[in-house]
Amino acid sequence: MQRCFPLFTPIAEHSLLVEFGDTIAPEIHARVLALDAAFAAHPCTGLQETVPAYASLLIRFDPQATEHRAVETHAATLLSRPLPSRNTTPREVEVCYDADLSPDLADVAKATGLSTEAVIEAHLAGRYEVFMYGFAPGYAYLAGIPKPLQIPRKPAAVRGVPAGSVLIAGPQCLVSTLTMPTGWWIIGRSPTRILTHAPDRPFLFDVGDPVVFKRVSRATYEAKENG
């Protein structure tokens with residue numbers, strides 16, 4: 001049976017999930033972002049937070065102040081209005097692709113049939129957007145990997161991957177913020193600080209922000225990493 005979107009689903013007694021589709025697509029995510037921005041500008045009674053994902057928005061509310069039907073009505077009203085404007089200024093992330101910082105670059109080149117330099121050029125040419133946060137603080141999942149670089153994740157995860165590693169898998173890219181295991185392909189490392197530690201803006205990007213990668217030399221990487 002084909003599902004009709006947007007789909008409103010009550011979650012426990014305190015949340016409403018609004019789904020706009022079941023695939024990763026820019027036009028679907030644009031609707032997620034539009035509703036997220038609309039709730040920020042025009043919150044409903046009892047709103048506690050909204051959590052955007054690839055194709056859905058979770059709306060958490062105080063069940064003592066409101067209920068699912070009222071929140072759904074509010075969401076439907078917001079969806080009927082013009083879309084809020086979005087940030088179009090890209091956030092820049094620097095990356096060094098030197099061999100010891102990109103242990104999987106050669107394997108990605110082999111899997112895609114490209115040279116290592118062509119992999120780097122394709123990665124730099126991607127048009128990226130923060131689709132969601134998850135898994136760890138500042139772990140921003142970016143959509144926009146060019147199709148020639150879209151390969152499945154590794155068969156098994158690798159432990160101890162350093163913070164700042166630039167990772168790709170399928171249509172997604174991210175920059176790790178902590179040392180942790182990953183099954184994604186490591187194609188570079190960035191000195192750009194994703195965790196800002198600022199109380200009003202703890203992460204470099206917001207969901208929906210465009211992101212561009214800029215290649216830097218090893219000297220620049222080390223200067224910024226140690227600065």
# chains A, B, ... in the order shown; residues from 1 in each chain; ligands from 1
>>> residues_around(residues="region 37-41 of chain A", least_positions_apart="2", cutoff="8 Å", atoms="only C-alpha atoms", output="mmCIF file with N, CA, C and O atoms, in the first residue's frame")
data_model
loop_
_atom_site.group_PDB
_atom_site.id
_atom_site.type_symbol
_atom_site.label_atom_id
_atom_site.label_comp_id
_atom_site.auth_asym_id
_atom_site.auth_seq_id
_atom_site.Cartn_x
_atom_site.Cartn_y
_atom_site.Cartn_z
ATOM 1 N N LEU A 33 13.043 20.784 6.601
ATOM 2 C CA LEU A 33 13.650 22.020 7.092
ATOM 3 C C LEU A 33 12.628 23.153 7.178
ATOM 4 O O LEU A 33 12.671 23.965 8.097
ATOM 5 N N ALA A 34 11.733 23.207 6.201
ATOM 6 C CA ALA A 34 10.722 24.264 6.199
ATOM 7 C C ALA A 34 9.816 24.157 7.421
ATOM 8 O O ALA A 34 9.520 25.165 8.088
ATOM 9 N N LEU A 35 9.398 22.939 7.750
ATOM 10 C CA LEU A 35 8.536 22.773 8.924
ATOM 11 C C LEU A 35 9.319 23.032 10.209
ATOM 12 O O LEU A 35 8.788 23.629 11.160
ATOM 13 N N PRO A 43 5.990 28.563 17.340
ATOM 14 C CA PRO A 43 5.854 27.336 18.139
ATOM 15 C C PRO A 43 4.419 27.111 18.598
ATOM 16 O O PRO A 43 3.668 28.054 18.815
ATOM 17 N N CYS A 44 4.078 25.856 18.735
ATOM 18 C CA CYS A 44 2.765 25.519 19.277
ATOM 19 C C CYS A 44 2.834 25.531 20.800
ATOM 20 O O CYS A 44 3.908 25.562 21.398
ATOM 21 N N THR A 50 12.229 20.320 18.361
ATOM 22 C CA THR A 50 12.007 19.628 17.094
ATOM 23 C C THR A 50 13.328 19.003 16.665
ATOM 24 O O THR A 50 14.397 19.591 16.856
ATOM 25 N N ALA A 75 0.869 21.797 12.939
ATOM 26 C CA ALA A 75 1.825 21.457 11.891
ATOM 27 C C ALA A 75 1.196 21.592 10.508
ATOM 28 O O ALA A 75 1.814 22.133 9.580
ATOM 29 N N LEU A 78 0.982 25.222 9.538
ATOM 30 C CA LEU A 78 2.284 25.763 9.142
ATOM 31 C C LEU A 78 2.680 25.287 7.742
ATOM 32 O O LEU A 78 3.266 26.043 6.957
ATOM 33 N N LEU A 83 7.101 28.841 2.420
ATOM 34 C CA LEU A 83 8.287 28.297 3.075
ATOM 35 C C LEU A 83 9.182 29.415 3.603
ATOM 36 O O LEU A 83 9.392 30.423 2.920
ATOM 37 N N PRO A 84 9.709 29.275 4.817
ATOM 38 C CA PRO A 84 10.665 30.266 5.341
ATOM 39 C C PRO A 84 11.947 30.276 4.505
ATOM 40 O O PRO A 84 12.302 29.277 3.876
#
>>> closest_residue(among="A:Ile151, A:Val108, A:Val95, A:Leu57", to="Ser190 (chain A)", atoms="only C-alpha atoms")
A:Val95
>>> select_by_dssp(residues="region 41-204 of chain A", states="strand (DSSP E)", output="PDB file with N, CA, C and O atoms, in the first residue's frame")
ATOM      1  N   LEU A  47       5.487  23.251  23.114  1.00  0.00           N
ATOM      2  CA  LEU A  47       6.599  22.742  22.313  1.00  0.00           C
ATOM      3  C   LEU A  47       7.878  22.687  23.153  1.00  0.00           C
ATOM      4  O   LEU A  47       8.247  23.643  23.817  1.00  0.00           O
ATOM      5  N   GLN A  48       8.590  21.549  23.076  1.00  0.00           N
ATOM      6  CA  GLN A  48       9.855  21.387  23.784  1.00  0.00           C
ATOM      7  C   GLN A  48      11.044  21.378  22.828  1.00  0.00           C
ATOM      8  O   GLN A  48      12.050  22.015  23.091  1.00  0.00           O
ATOM      9  N   GLU A  49      10.943  20.660  21.733  1.00  0.00           N
ATOM     10  CA  GLU A  49      12.011  20.669  20.736  1.00  0.00           C
ATOM     11  C   GLU A  49      11.524  20.022  19.444  1.00  0.00           C
ATOM     12  O   GLU A  49      10.545  19.279  19.440  1.00  0.00           O
ATOM     13  N   THR A  50      12.229  20.320  18.361  1.00  0.00           N
ATOM     14  CA  THR A  50      12.007  19.628  17.094  1.00  0.00           C
ATOM     15  C   THR A  50      13.328  19.003  16.665  1.00  0.00           C
ATOM     16  O   THR A  50      14.397  19.591  16.856  1.00  0.00           O
ATOM     17  N   VAL A  51      13.252  17.808  16.083  1.00  0.00           N
ATOM     18  CA  VAL A  51      14.459  17.060  15.707  1.00  0.00           C
ATOM     19  C   VAL A  51      14.344  16.671  14.235  1.00  0.00           C
ATOM     20  O   VAL A  51      13.632  15.721  13.888  1.00  0.00           O
ATOM     21  N   PRO A  52      15.031  17.395  13.345  1.00  0.00           N
ATOM     22  CA  PRO A  52      14.963  17.058  11.920  1.00  0.00           C
ATOM     23  C   PRO A  52      15.839  15.864  11.569  1.00  0.00           C
ATOM     24  O   PRO A  52      16.927  15.688  12.126  1.00  0.00           O
ATOM     25  N   SER A  56      12.033  13.259   7.878  1.00  0.00           N
ATOM     26  CA  SER A  56      10.994  13.425   8.894  1.00  0.00           C
ATOM     27  C   SER A  56      11.397  14.465   9.930  1.00  0.00           C
ATOM     28  O   SER A  56      12.577  14.809  10.057  1.00  0.00           O
ATOM     29  N   LEU A  57      10.407  14.933  10.653  1.00  0.00           N
ATOM     30  CA  LEU A  57      10.632  15.855  11.769  1.00  0.00           C
ATOM     31  C   LEU A  57       9.916  15.314  12.992  1.00  0.00           C
ATOM     32  O   LEU A  57       8.710  15.039  12.948  1.00  0.00           O
ATOM     33  N   LEU A  58      10.666  15.130  14.085  1.00  0.00           N
ATOM     34  CA  LEU A  58      10.071  14.715  15.350  1.00  0.00           C
ATOM     35  C   LEU A  58       9.763  15.957  16.165  1.00  0.00           C
ATOM     36  O   LEU A  58      10.645  16.794  16.395  1.00  0.00           O
ATOM     37  N   ILE A  59       8.535  16.085  16.604  1.00  0.00           N
ATOM     38  CA  ILE A  59       8.093  17.239  17.390  1.00  0.00           C
ATOM     39  C   ILE A  59       7.797  16.759  18.804  1.00  0.00           C
ATOM     40  O   ILE A  59       6.870  15.975  19.028  1.00  0.00           O
ATOM     41  N   ARG A  60       8.600  17.204  19.756  1.00  0.00           N
ATOM     42  CA  ARG A  60       8.409  16.823  21.156  1.00  0.00           C
ATOM     43  C   ARG A  60       7.664  17.939  21.881  1.00  0.00           C
ATOM     44  O   ARG A  60       7.977  19.118  21.708  1.00  0.00           O
ATOM     45  N   PHE A  61       6.705  17.546  22.709  1.00  0.00           N
ATOM     46  CA  PHE A  61       5.895  18.530  23.406  1.00  0.00           C
ATOM     47  C   PHE A  61       5.579  18.055  24.823  1.00  0.00           C
ATOM     48  O   PHE A  61       5.759  16.879  25.171  1.00  0.00           O
ATOM     49  N   ARG A  91      29.168  26.788   4.671  1.00  0.00           N
ATOM     50  CA  ARG A  91      30.183  26.647   5.712  1.00  0.00           C
ATOM     51  C   ARG A  91      31.370  25.927   5.099  1.00  0.00           C
ATOM     52  O   ARG A  91      31.207  24.929   4.398  1.00  0.00           O
ATOM     53  N   GLU A  92      32.569  26.426   5.357  1.00  0.00           N
ATOM     54  CA  GLU A  92      33.765  25.854   4.739  1.00  0.00           C
ATOM     55  C   GLU A  92      34.459  24.894   5.696  1.00  0.00           C
ATOM     56  O   GLU A  92      34.663  25.204   6.867  1.00  0.00           O
ATOM     57  N   VAL A  93      34.815  23.738   5.174  1.00  0.00           N
ATOM     58  CA  VAL A  93      35.566  22.732   5.932  1.00  0.00           C
ATOM     59  C   VAL A  93      36.849  22.442   5.173  1.00  0.00           C
ATOM     60  O   VAL A  93      36.817  22.042   4.002  1.00  0.00           O
ATOM     61  N   GLU A  94      37.977  22.655   5.823  1.00  0.00           N
ATOM     62  CA  GLU A  94      39.262  22.385   5.198  1.00  0.00           C
ATOM     63  C   GLU A  94      39.622  20.908   5.347  1.00  0.00           C
ATOM     64  O   GLU A  94      39.249  20.273   6.339  1.00  0.00           O
ATOM     65  N   VAL A  95      40.338  20.382   4.364  1.00  0.00           N
ATOM     66  CA  VAL A  95      40.706  18.970   4.412  1.00  0.00           C
ATOM     67  C   VAL A  95      42.056  18.768   3.734  1.00  0.00           C
ATOM     68  O   VAL A  95      42.357  19.373   2.701  1.00  0.00           O
ATOM     69  N   TYR A 128      27.258  19.833  -0.879  1.00  0.00           N
ATOM     70  CA  TYR A 128      26.878  19.180   0.361  1.00  0.00           C
ATOM     71  C   TYR A 128      25.881  20.019   1.169  1.00  0.00           C
ATOM     72  O   TYR A 128      25.878  21.248   1.101  1.00  0.00           O
ATOM     73  N   GLU A 129      25.083  19.314   1.952  1.00  0.00           N
ATOM     74  CA  GLU A 129      24.120  19.961   2.840  1.00  0.00           C
ATOM     75  C   GLU A 129      23.981  19.116   4.093  1.00  0.00           C
ATOM     76  O   GLU A 129      23.959  17.878   4.022  1.00  0.00           O
ATOM     77  N   VAL A 130      23.918  19.777   5.248  1.00  0.00           N
ATOM     78  CA  VAL A 130      23.728  19.057   6.507  1.00  0.00           C
ATOM     79  C   VAL A 130      22.287  18.564   6.558  1.00  0.00           C
ATOM     80  O   VAL A 130      21.352  19.361   6.619  1.00  0.00           O
ATOM     81  N   PHE A 131      22.111  17.250   6.533  1.00  0.00           N
ATOM     82  CA  PHE A 131      20.764  16.681   6.546  1.00  0.00           C
ATOM     83  C   PHE A 131      20.283  16.358   7.956  1.00  0.00           C
ATOM     84  O   PHE A 131      19.101  16.428   8.238  1.00  0.00           O
ATOM     85  N   MET A 132      21.209  15.981   8.842  1.00  0.00           N
ATOM     86  CA  MET A 132      20.791  15.670  10.205  1.00  0.00           C
ATOM     87  C   MET A 132      22.027  15.513  11.089  1.00  0.00           C
ATOM     88  O   MET A 132      23.153  15.382  10.605  1.00  0.00           O
ATOM     89  N   TYR A 133      21.804  15.546  12.404  1.00  0.00           N
ATOM     90  CA  TYR A 133      22.835  15.216  13.389  1.00  0.00           C
ATOM     91  C   TYR A 133      22.471  13.882  14.024  1.00  0.00           C
ATOM     92  O   TYR A 133      21.296  13.557  14.204  1.00  0.00           O
ATOM     93  N   ALA A 140      27.599  15.549  11.956  1.00  0.00           N
ATOM     94  CA  ALA A 140      26.690  16.076  10.941  1.00  0.00           C
ATOM     95  C   ALA A 140      26.730  15.193   9.690  1.00  0.00           C
ATOM     96  O   ALA A 140      27.773  15.061   9.052  1.00  0.00           O
ATOM     97  N   TYR A 141      25.590  14.605   9.365  1.00  0.00           N
ATOM     98  CA  TYR A 141      25.491  13.782   8.163  1.00  0.00           C
ATOM     99  C   TYR A 141      25.231  14.681   6.967  1.00  0.00           C
ATOM    100  O   TYR A 141      24.215  15.369   6.905  1.00  0.00           O
ATOM    101  N   LEU A 142      26.158  14.685   6.006  1.00  0.00           N
ATOM    102  CA  LEU A 142      26.065  15.531   4.834  1.00  0.00           C
ATOM    103  C   LEU A 142      25.626  14.708   3.630  1.00  0.00           C
ATOM    104  O   LEU A 142      26.221  13.666   3.337  1.00  0.00           O
ATOM    105  N   ALA A 143      24.599  15.165   2.940  1.00  0.00           N
ATOM    106  CA  ALA A 143      24.237  14.580   1.653  1.00  0.00           C
ATOM    107  C   ALA A 143      24.959  15.347   0.564  1.00  0.00           C
ATOM    108  O   ALA A 143      25.322  16.509   0.746  1.00  0.00           O
ATOM    109  N   VAL A 158      36.374  -0.132  11.660  1.00  0.00           N
ATOM    110  CA  VAL A 158      37.749   0.006  12.131  1.00  0.00           C
ATOM    111  C   VAL A 158      37.735   0.830  13.411  1.00  0.00           C
ATOM    112  O   VAL A 158      37.048   1.862  13.481  1.00  0.00           O
ATOM    113  N   ARG A 159      38.471   0.403  14.412  1.00  0.00           N
ATOM    114  CA  ARG A 159      38.500   1.127  15.684  1.00  0.00           C
ATOM    115  C   ARG A 159      39.516   2.263  15.667  1.00  0.00           C
ATOM    116  O   ARG A 159      40.446   2.276  14.870  1.00  0.00           O
ATOM    117  N   GLY A 160      39.337   3.213  16.585  1.00  0.00           N
ATOM    118  CA  GLY A 160      40.333   4.241  16.825  1.00  0.00           C
ATOM    119  C   GLY A 160      40.526   5.243  15.706  1.00  0.00           C
ATOM    120  O   GLY A 160      41.623   5.764  15.522  1.00  0.00           O
ATOM    121  N   VAL A 161      39.485   5.529  14.951  1.00  0.00           N
ATOM    122  CA  VAL A 161      39.593   6.506  13.864  1.00  0.00           C
ATOM    123  C   VAL A 161      39.642   7.909  14.470  1.00  0.00           C
ATOM    124  O   VAL A 161      38.764   8.288  15.259  1.00  0.00           O
ATOM    125  N   SER A 165      38.501  13.107  10.938  1.00  0.00           N
ATOM    126  CA  SER A 165      38.558  12.279   9.739  1.00  0.00           C
ATOM    127  C   SER A 165      37.384  12.591   8.815  1.00  0.00           C
ATOM    128  O   SER A 165      36.237  12.720   9.271  1.00  0.00           O
ATOM    129  N   VAL A 166      37.668  12.720   7.529  1.00  0.00           N
ATOM    130  CA  VAL A 166      36.634  12.963   6.530  1.00  0.00           C
ATOM    131  C   VAL A 166      36.223  11.609   5.971  1.00  0.00           C
ATOM    132  O   VAL A 166      37.046  10.875   5.409  1.00  0.00           O
ATOM    133  N   LEU A 167      34.948  11.266   6.136  1.00  0.00           N
ATOM    134  CA  LEU A 167      34.451   9.930   5.859  1.00  0.00           C
ATOM    135  C   LEU A 167      33.364   9.971   4.791  1.00  0.00           C
ATOM    136  O   LEU A 167      32.571  10.911   4.740  1.00  0.00           O
ATOM    137  N   ILE A 168      33.327   8.923   3.957  1.00  0.00           N
ATOM    138  CA  ILE A 168      32.246   8.799   2.982  1.00  0.00           C
ATOM    139  C   ILE A 168      31.697   7.379   2.999  1.00  0.00           C
ATOM    140  O   ILE A 168      32.423   6.423   3.298  1.00  0.00           O
ATOM    141  N   ALA A 169      30.408   7.252   2.658  1.00  0.00           N
ATOM    142  CA  ALA A 169      29.762   5.954   2.490  1.00  0.00           C
ATOM    143  C   ALA A 169      28.444   6.200   1.774  1.00  0.00           C
ATOM    144  O   ALA A 169      27.659   7.047   2.193  1.00  0.00           O
ATOM    145  N   GLN A 172      26.571   9.726   1.410  1.00  0.00           N
ATOM    146  CA  GLN A 172      26.787  10.588   2.568  1.00  0.00           C
ATOM    147  C   GLN A 172      28.263  10.846   2.858  1.00  0.00           C
ATOM    148  O   GLN A 172      29.138  10.056   2.502  1.00  0.00           O
ATOM    149  N   CYS A 173      28.492  11.954   3.555  1.00  0.00           N
ATOM    150  CA  CYS A 173      29.829  12.345   3.988  1.00  0.00           C
ATOM    151  C   CYS A 173      29.710  12.929   5.381  1.00  0.00           C
ATOM    152  O   CYS A 173      28.652  13.481   5.740  1.00  0.00           O
ATOM    153  N   LEU A 174      30.761  12.818   6.178  1.00  0.00           N
ATOM    154  CA  LEU A 174      30.785  13.504   7.473  1.00  0.00           C
ATOM    155  C   LEU A 174      32.216  13.700   7.928  1.00  0.00           C
ATOM    156  O   LEU A 174      33.146  13.102   7.399  1.00  0.00           O
ATOM    157  N   VAL A 175      32.368  14.568   8.909  1.00  0.00           N
ATOM    158  CA  VAL A 175      33.664  14.819   9.535  1.00  0.00           C
ATOM    159  C   VAL A 175      33.538  14.388  10.987  1.00  0.00           C
ATOM    160  O   VAL A 175      32.718  14.946  11.733  1.00  0.00           O
ATOM    161  N   MET A 180      36.668   7.294  17.383  1.00  0.00           N
ATOM    162  CA  MET A 180      35.659   6.244  17.513  1.00  0.00           C
ATOM    163  C   MET A 180      35.761   5.270  16.352  1.00  0.00           C
ATOM    164  O   MET A 180      36.464   5.538  15.366  1.00  0.00           O
ATOM    165  N   PRO A 181      35.061   4.132  16.433  1.00  0.00           N
ATOM    166  CA  PRO A 181      35.065   3.190  15.307  1.00  0.00           C
ATOM    167  C   PRO A 181      34.216   3.730  14.157  1.00  0.00           C
ATOM    168  O   PRO A 181      33.306   4.538  14.360  1.00  0.00           O
ATOM    169  N   THR A 182      34.516   3.282  12.944  1.00  0.00           N
ATOM    170  CA  THR A 182      33.666   3.604  11.804  1.00  0.00           C
ATOM    171  C   THR A 182      33.846   2.557  10.714  1.00  0.00           C
ATOM    172  O   THR A 182      34.925   1.985  10.560  1.00  0.00           O
ATOM    173  N   TRP A 185      34.561   5.067   4.759  1.00  0.00           N
ATOM    174  CA  TRP A 185      35.872   5.183   4.121  1.00  0.00           C
ATOM    175  C   TRP A 185      36.523   6.499   4.503  1.00  0.00           C
ATOM    176  O   TRP A 185      35.926   7.561   4.374  1.00  0.00           O
ATOM    177  N   ILE A 186      37.776   6.441   4.949  1.00  0.00           N
ATOM    178  CA  ILE A 186      38.510   7.614   5.430  1.00  0.00           C
ATOM    179  C   ILE A 186      39.333   8.169   4.264  1.00  0.00           C
ATOM    180  O   ILE A 186      40.306   7.551   3.832  1.00  0.00           O
ATOM    181  N   ILE A 187      38.954   9.348   3.758  1.00  0.00           N
ATOM    182  CA  ILE A 187      39.631   9.879   2.570  1.00  0.00           C
ATOM    183  C   ILE A 187      40.409  11.169   2.851  1.00  0.00           C
ATOM    184  O   ILE A 187      40.969  11.765   1.930  1.00  0.00           O
ATOM    185  N   GLY A 188      40.467  11.603   4.090  1.00  0.00           N
ATOM    186  CA  GLY A 188      41.219  12.810   4.423  1.00  0.00           C
ATOM    187  C   GLY A 188      41.032  13.149   5.885  1.00  0.00           C
ATOM    188  O   GLY A 188      40.380  12.417   6.638  1.00  0.00           O
ATOM    189  N   ARG A 189      41.638  14.276   6.299  1.00  0.00           N
ATOM    190  CA  ARG A 189      41.440  14.744   7.671  1.00  0.00           C
ATOM    191  C   ARG A 189      41.375  16.271   7.669  1.00  0.00           C
ATOM    192  O   ARG A 189      42.065  16.934   6.899  1.00  0.00           O
ATOM    193  N   LEU A 195      33.113  21.157  16.637  1.00  0.00           N
ATOM    194  CA  LEU A 195      32.613  21.454  17.980  1.00  0.00           C
ATOM    195  C   LEU A 195      33.166  22.817  18.389  1.00  0.00           C
ATOM    196  O   LEU A 195      34.363  22.962  18.624  1.00  0.00           O
ATOM    197  N   THR A 196      32.300  23.810  18.496  1.00  0.00           N
ATOM    198  CA  THR A 196      32.752  25.174  18.781  1.00  0.00           C
ATOM    199  C   THR A 196      32.853  25.460  20.266  1.00  0.00           C
ATOM    200  O   THR A 196      33.537  26.400  20.674  1.00  0.00           O
ATOM    201  N   HIS A 197      32.111  24.699  21.084  1.00  0.00           N
ATOM    202  CA  HIS A 197      32.048  24.894  22.538  1.00  0.00           C
ATOM    203  C   HIS A 197      31.388  26.232  22.914  1.00  0.00           C
ATOM    204  O   HIS A 197      31.478  26.661  24.060  1.00  0.00           O
ATOM    205  N   ALA A 198      30.744  26.879  21.965  1.00  0.00           N
ATOM    206  CA  ALA A 198      30.016  28.123  22.248  1.00  0.00           C
ATOM    207  C   ALA A 198      28.627  27.769  22.760  1.00  0.00           C
ATOM    208  O   ALA A 198      27.940  26.943  22.155  1.00  0.00           O
ATOM    209  N   ARG A 201      25.953  28.362  20.103  1.00  0.00           N
ATOM    210  CA  ARG A 201      26.145  27.636  18.840  1.00  0.00           C
ATOM    211  C   ARG A 201      27.219  26.579  19.046  1.00  0.00           C
ATOM    212  O   ARG A 201      28.383  26.773  18.726  1.00  0.00           O
ATOM    213  N   PRO A 202      26.849  25.415  19.579  1.00  0.00           N
ATOM    214  CA  PRO A 202      27.851  24.407  19.924  1.00  0.00           C
ATOM    215  C   PRO A 202      28.500  23.723  18.724  1.00  0.00           C
ATOM    216  O   PRO A 202      29.578  23.165  18.857  1.00  0.00           O
ATOM    217  N   PHE A 203      27.841  23.763  17.549  1.00  0.00           N
ATOM    218  CA  PHE A 203      28.372  23.110  16.363  1.00  0.00           C
ATOM    219  C   PHE A 203      28.597  24.138  15.252  1.00  0.00           C
ATOM    220  O   PHE A 203      27.931  25.180  15.219  1.00  0.00           O
TER     221      PHE A 203
END
>>> select_by_dssp(residues="region 56-160 of chain A", states="alpha helix (DSSP H)", output="ChimeraX atom specification")
/A:68-79,105-112,116-125
>>> write_last_selection(atoms="N, CA and C atoms", output="compact mmCIF listing (two decimals), in the first residue's frame")
# COMPACT_ATOMS: atom_id res chain seq x y z
N HIS A 68 -1.56 15.28 20.92
CA HIS A 68 -1.16 14.99 19.55
C HIS A 68 -2.01 15.71 18.51
N ARG A 69 -3.33 15.68 18.67
CA ARG A 69 -4.21 16.25 17.66
C ARG A 69 -3.97 17.74 17.49
N ALA A 70 -3.75 18.46 18.60
CA ALA A 70 -3.51 19.90 18.51
C ALA A 70 -2.19 20.19 17.82
N VAL A 71 -1.17 19.39 18.11
CA VAL A 71 0.14 19.59 17.48
C VAL A 71 0.05 19.28 15.98
N GLU A 72 -0.68 18.24 15.63
CA GLU A 72 -0.87 17.89 14.22
C GLU A 72 -1.59 19.01 13.47
N THR A 73 -2.62 19.57 14.08
CA THR A 73 -3.34 20.68 13.46
C THR A 73 -2.43 21.88 13.26
N HIS A 74 -1.60 22.16 14.26
CA HIS A 74 -0.66 23.28 14.16
C HIS A 74 0.34 23.03 13.03
N ALA A 75 0.87 21.80 12.94
CA ALA A 75 1.82 21.46 11.89
C ALA A 75 1.20 21.59 10.51
N ALA A 76 -0.03 21.11 10.37
CA ALA A 76 -0.71 21.20 9.07
C ALA A 76 -0.93 22.66 8.67
N THR A 77 -1.24 23.51 9.64
CA THR A 77 -1.41 24.93 9.34
C THR A 77 -0.11 25.56 8.87
N LEU A 78 0.98 25.22 9.54
CA LEU A 78 2.28 25.76 9.14
C LEU A 78 2.68 25.29 7.74
N LEU A 79 2.34 24.05 7.41
CA LEU A 79 2.69 23.50 6.10
C LEU A 79 1.94 24.18 4.97
N LEU A 105 41.91 6.19 0.82
CA LEU A 105 41.79 6.90 -0.45
C LEU A 105 42.13 5.99 -1.63
N ALA A 106 43.19 5.21 -1.52
CA ALA A 106 43.58 4.32 -2.61
C ALA A 106 42.52 3.24 -2.84
N ASP A 107 41.92 2.73 -1.77
CA ASP A 107 40.88 1.71 -1.91
C ASP A 107 39.63 2.29 -2.56
N VAL A 108 39.29 3.54 -2.22
CA VAL A 108 38.15 4.18 -2.86
C VAL A 108 38.42 4.38 -4.35
N ALA A 109 39.65 4.78 -4.68
CA ALA A 109 40.02 4.94 -6.08
C ALA A 109 39.88 3.62 -6.84
N LYS A 110 40.34 2.54 -6.23
CA LYS A 110 40.24 1.23 -6.88
C LYS A 110 38.79 0.81 -7.06
N ALA A 111 37.96 1.05 -6.02
CA ALA A 111 36.55 0.64 -6.08
C ALA A 111 35.76 1.44 -7.11
N THR A 112 36.16 2.69 -7.32
CA THR A 112 35.41 3.55 -8.25
C THR A 112 36.01 3.58 -9.66
N THR A 116 43.47 8.46 -7.59
CA THR A 116 43.29 9.10 -6.28
C THR A 116 43.04 10.60 -6.44
N GLU A 117 43.69 11.23 -7.40
CA GLU A 117 43.49 12.66 -7.61
C GLU A 117 42.07 12.93 -8.12
N ALA A 118 41.55 12.03 -8.95
CA ALA A 118 40.18 12.20 -9.44
C ALA A 118 39.17 12.03 -8.31
N VAL A 119 39.45 11.13 -7.37
CA VAL A 119 38.58 10.98 -6.19
C VAL A 119 38.56 12.28 -5.39
N ILE A 120 39.73 12.86 -5.18
CA ILE A 120 39.82 14.12 -4.43
C ILE A 120 39.04 15.22 -5.15
N GLU A 121 39.25 15.33 -6.47
CA GLU A 121 38.56 16.36 -7.23
C GLU A 121 37.04 16.17 -7.18
N ALA A 122 36.59 14.92 -7.26
CA ALA A 122 35.15 14.66 -7.19
C ALA A 122 34.60 15.02 -5.82
N HIS A 123 35.37 14.68 -4.78
CA HIS A 123 34.91 15.00 -3.43
C HIS A 123 34.81 16.51 -3.25
N LEU A 124 35.79 17.25 -3.73
CA LEU A 124 35.77 18.71 -3.60
C LEU A 124 34.65 19.33 -4.42
N ALA A 125 34.23 18.68 -5.49
CA ALA A 125 33.20 19.23 -6.36
C ALA A 125 31.79 18.95 -5.86
>>> closest_residue(among="A:Thr179, A:Ser102, A:Cys96, A:Gly138", to="Arg215 (chain A)", atoms="only C-alpha atoms")
A:Cys96
>>> closest_residue(among="A:Ala25, A:Leu114, A:Leu16, A:Ile145", to="Thr66 (chain A)", atoms="only C-alpha atoms")
A:Leu16
>>> atom_distance(atom1="CA of Lys154 (chain A)", atom2="CA of Gly183 (chain A)")
5.1 Å
>>> closest_residue(among="A:Pro137, A:Pro191, A:Pro82, A:Gly170", to="Leu101 (chain A)", atoms="only C-alpha atoms")
A:Pro191
>>> residues_around(residues="region 53-55 of chain A", least_positions_apart="5", cutoff="7 Å", atoms="only C-alpha atoms", output="number ranges by chain")
A: 19-24, 28-29, 32, 131-132
>>> closest_residue(among="A:Gly113, A:Gly164, A:Pro199, A:Pro148", to="Lys224 (chain A)", atoms="only C-alpha atoms")
A:Gly164
>>> closest_residue(among="A:Ser80, A:Phe5, A:Phe135, A:Trp184", to="Ala156 (chain A)", atoms="only C-alpha atoms")
A:Trp184
>>> atom_distance(atom1="CA of Asp100 (chain A)", atom2="CA of Gly134 (chain A)")
27.3 Å
>>> residues_around(residues="Gln64 (chain A)", least_positions_apart="6", cutoff="10 Å", atoms="only C-alpha atoms", output="PyMOL selection string")
chain A and resi 13-14+46
>>> write_last_selection(atoms="all heavy atoms", output="PDB file, in the first residue's frame")
ATOM      1  N   GLU A  13       3.475   9.499  24.470  1.00  0.00           N
ATOM      2  CA  GLU A  13       2.494  10.524  24.845  1.00  0.00           C
ATOM      3  C   GLU A  13       3.028  11.926  24.637  1.00  0.00           C
ATOM      4  O   GLU A  13       2.312  12.909  24.873  1.00  0.00           O
ATOM      5  CB  GLU A  13       2.079  10.343  26.317  1.00  0.00           C
ATOM      6  CG  GLU A  13       3.081  10.842  27.350  1.00  0.00           C
ATOM      7  CD  GLU A  13       4.275   9.900  27.556  1.00  0.00           C
ATOM      8  OE1 GLU A  13       4.273   8.812  26.934  1.00  0.00           O
ATOM      9  OE2 GLU A  13       5.172  10.249  28.338  1.00  0.00           O
ATOM     10  N   HIS A  14       4.289  12.033  24.116  1.00  0.00           N
ATOM     11  CA  HIS A  14       4.939  13.335  24.124  1.00  0.00           C
ATOM     12  C   HIS A  14       5.495  13.785  22.779  1.00  0.00           C
ATOM     13  O   HIS A  14       6.164  14.811  22.706  1.00  0.00           O
ATOM     14  CB  HIS A  14       6.086  13.333  25.133  1.00  0.00           C
ATOM     15  CG  HIS A  14       7.048  12.190  24.941  1.00  0.00           C
ATOM     16  ND1 HIS A  14       7.808  12.028  23.797  1.00  0.00           N
ATOM     17  CD2 HIS A  14       7.328  11.133  25.751  1.00  0.00           C
ATOM     18  CE1 HIS A  14       8.533  10.927  23.908  1.00  0.00           C
ATOM     19  NE2 HIS A  14       8.270  10.367  25.088  1.00  0.00           N
ATOM     20  N   GLY A  46       3.222  24.272  24.363  1.00  0.00           N
ATOM     21  CA  GLY A  46       3.889  23.122  24.954  1.00  0.00           C
ATOM     22  C   GLY A  46       5.056  22.570  24.171  1.00  0.00           C
ATOM     23  O   GLY A  46       5.610  21.525  24.548  1.00  0.00           O
TER      24      GLY A  46
END
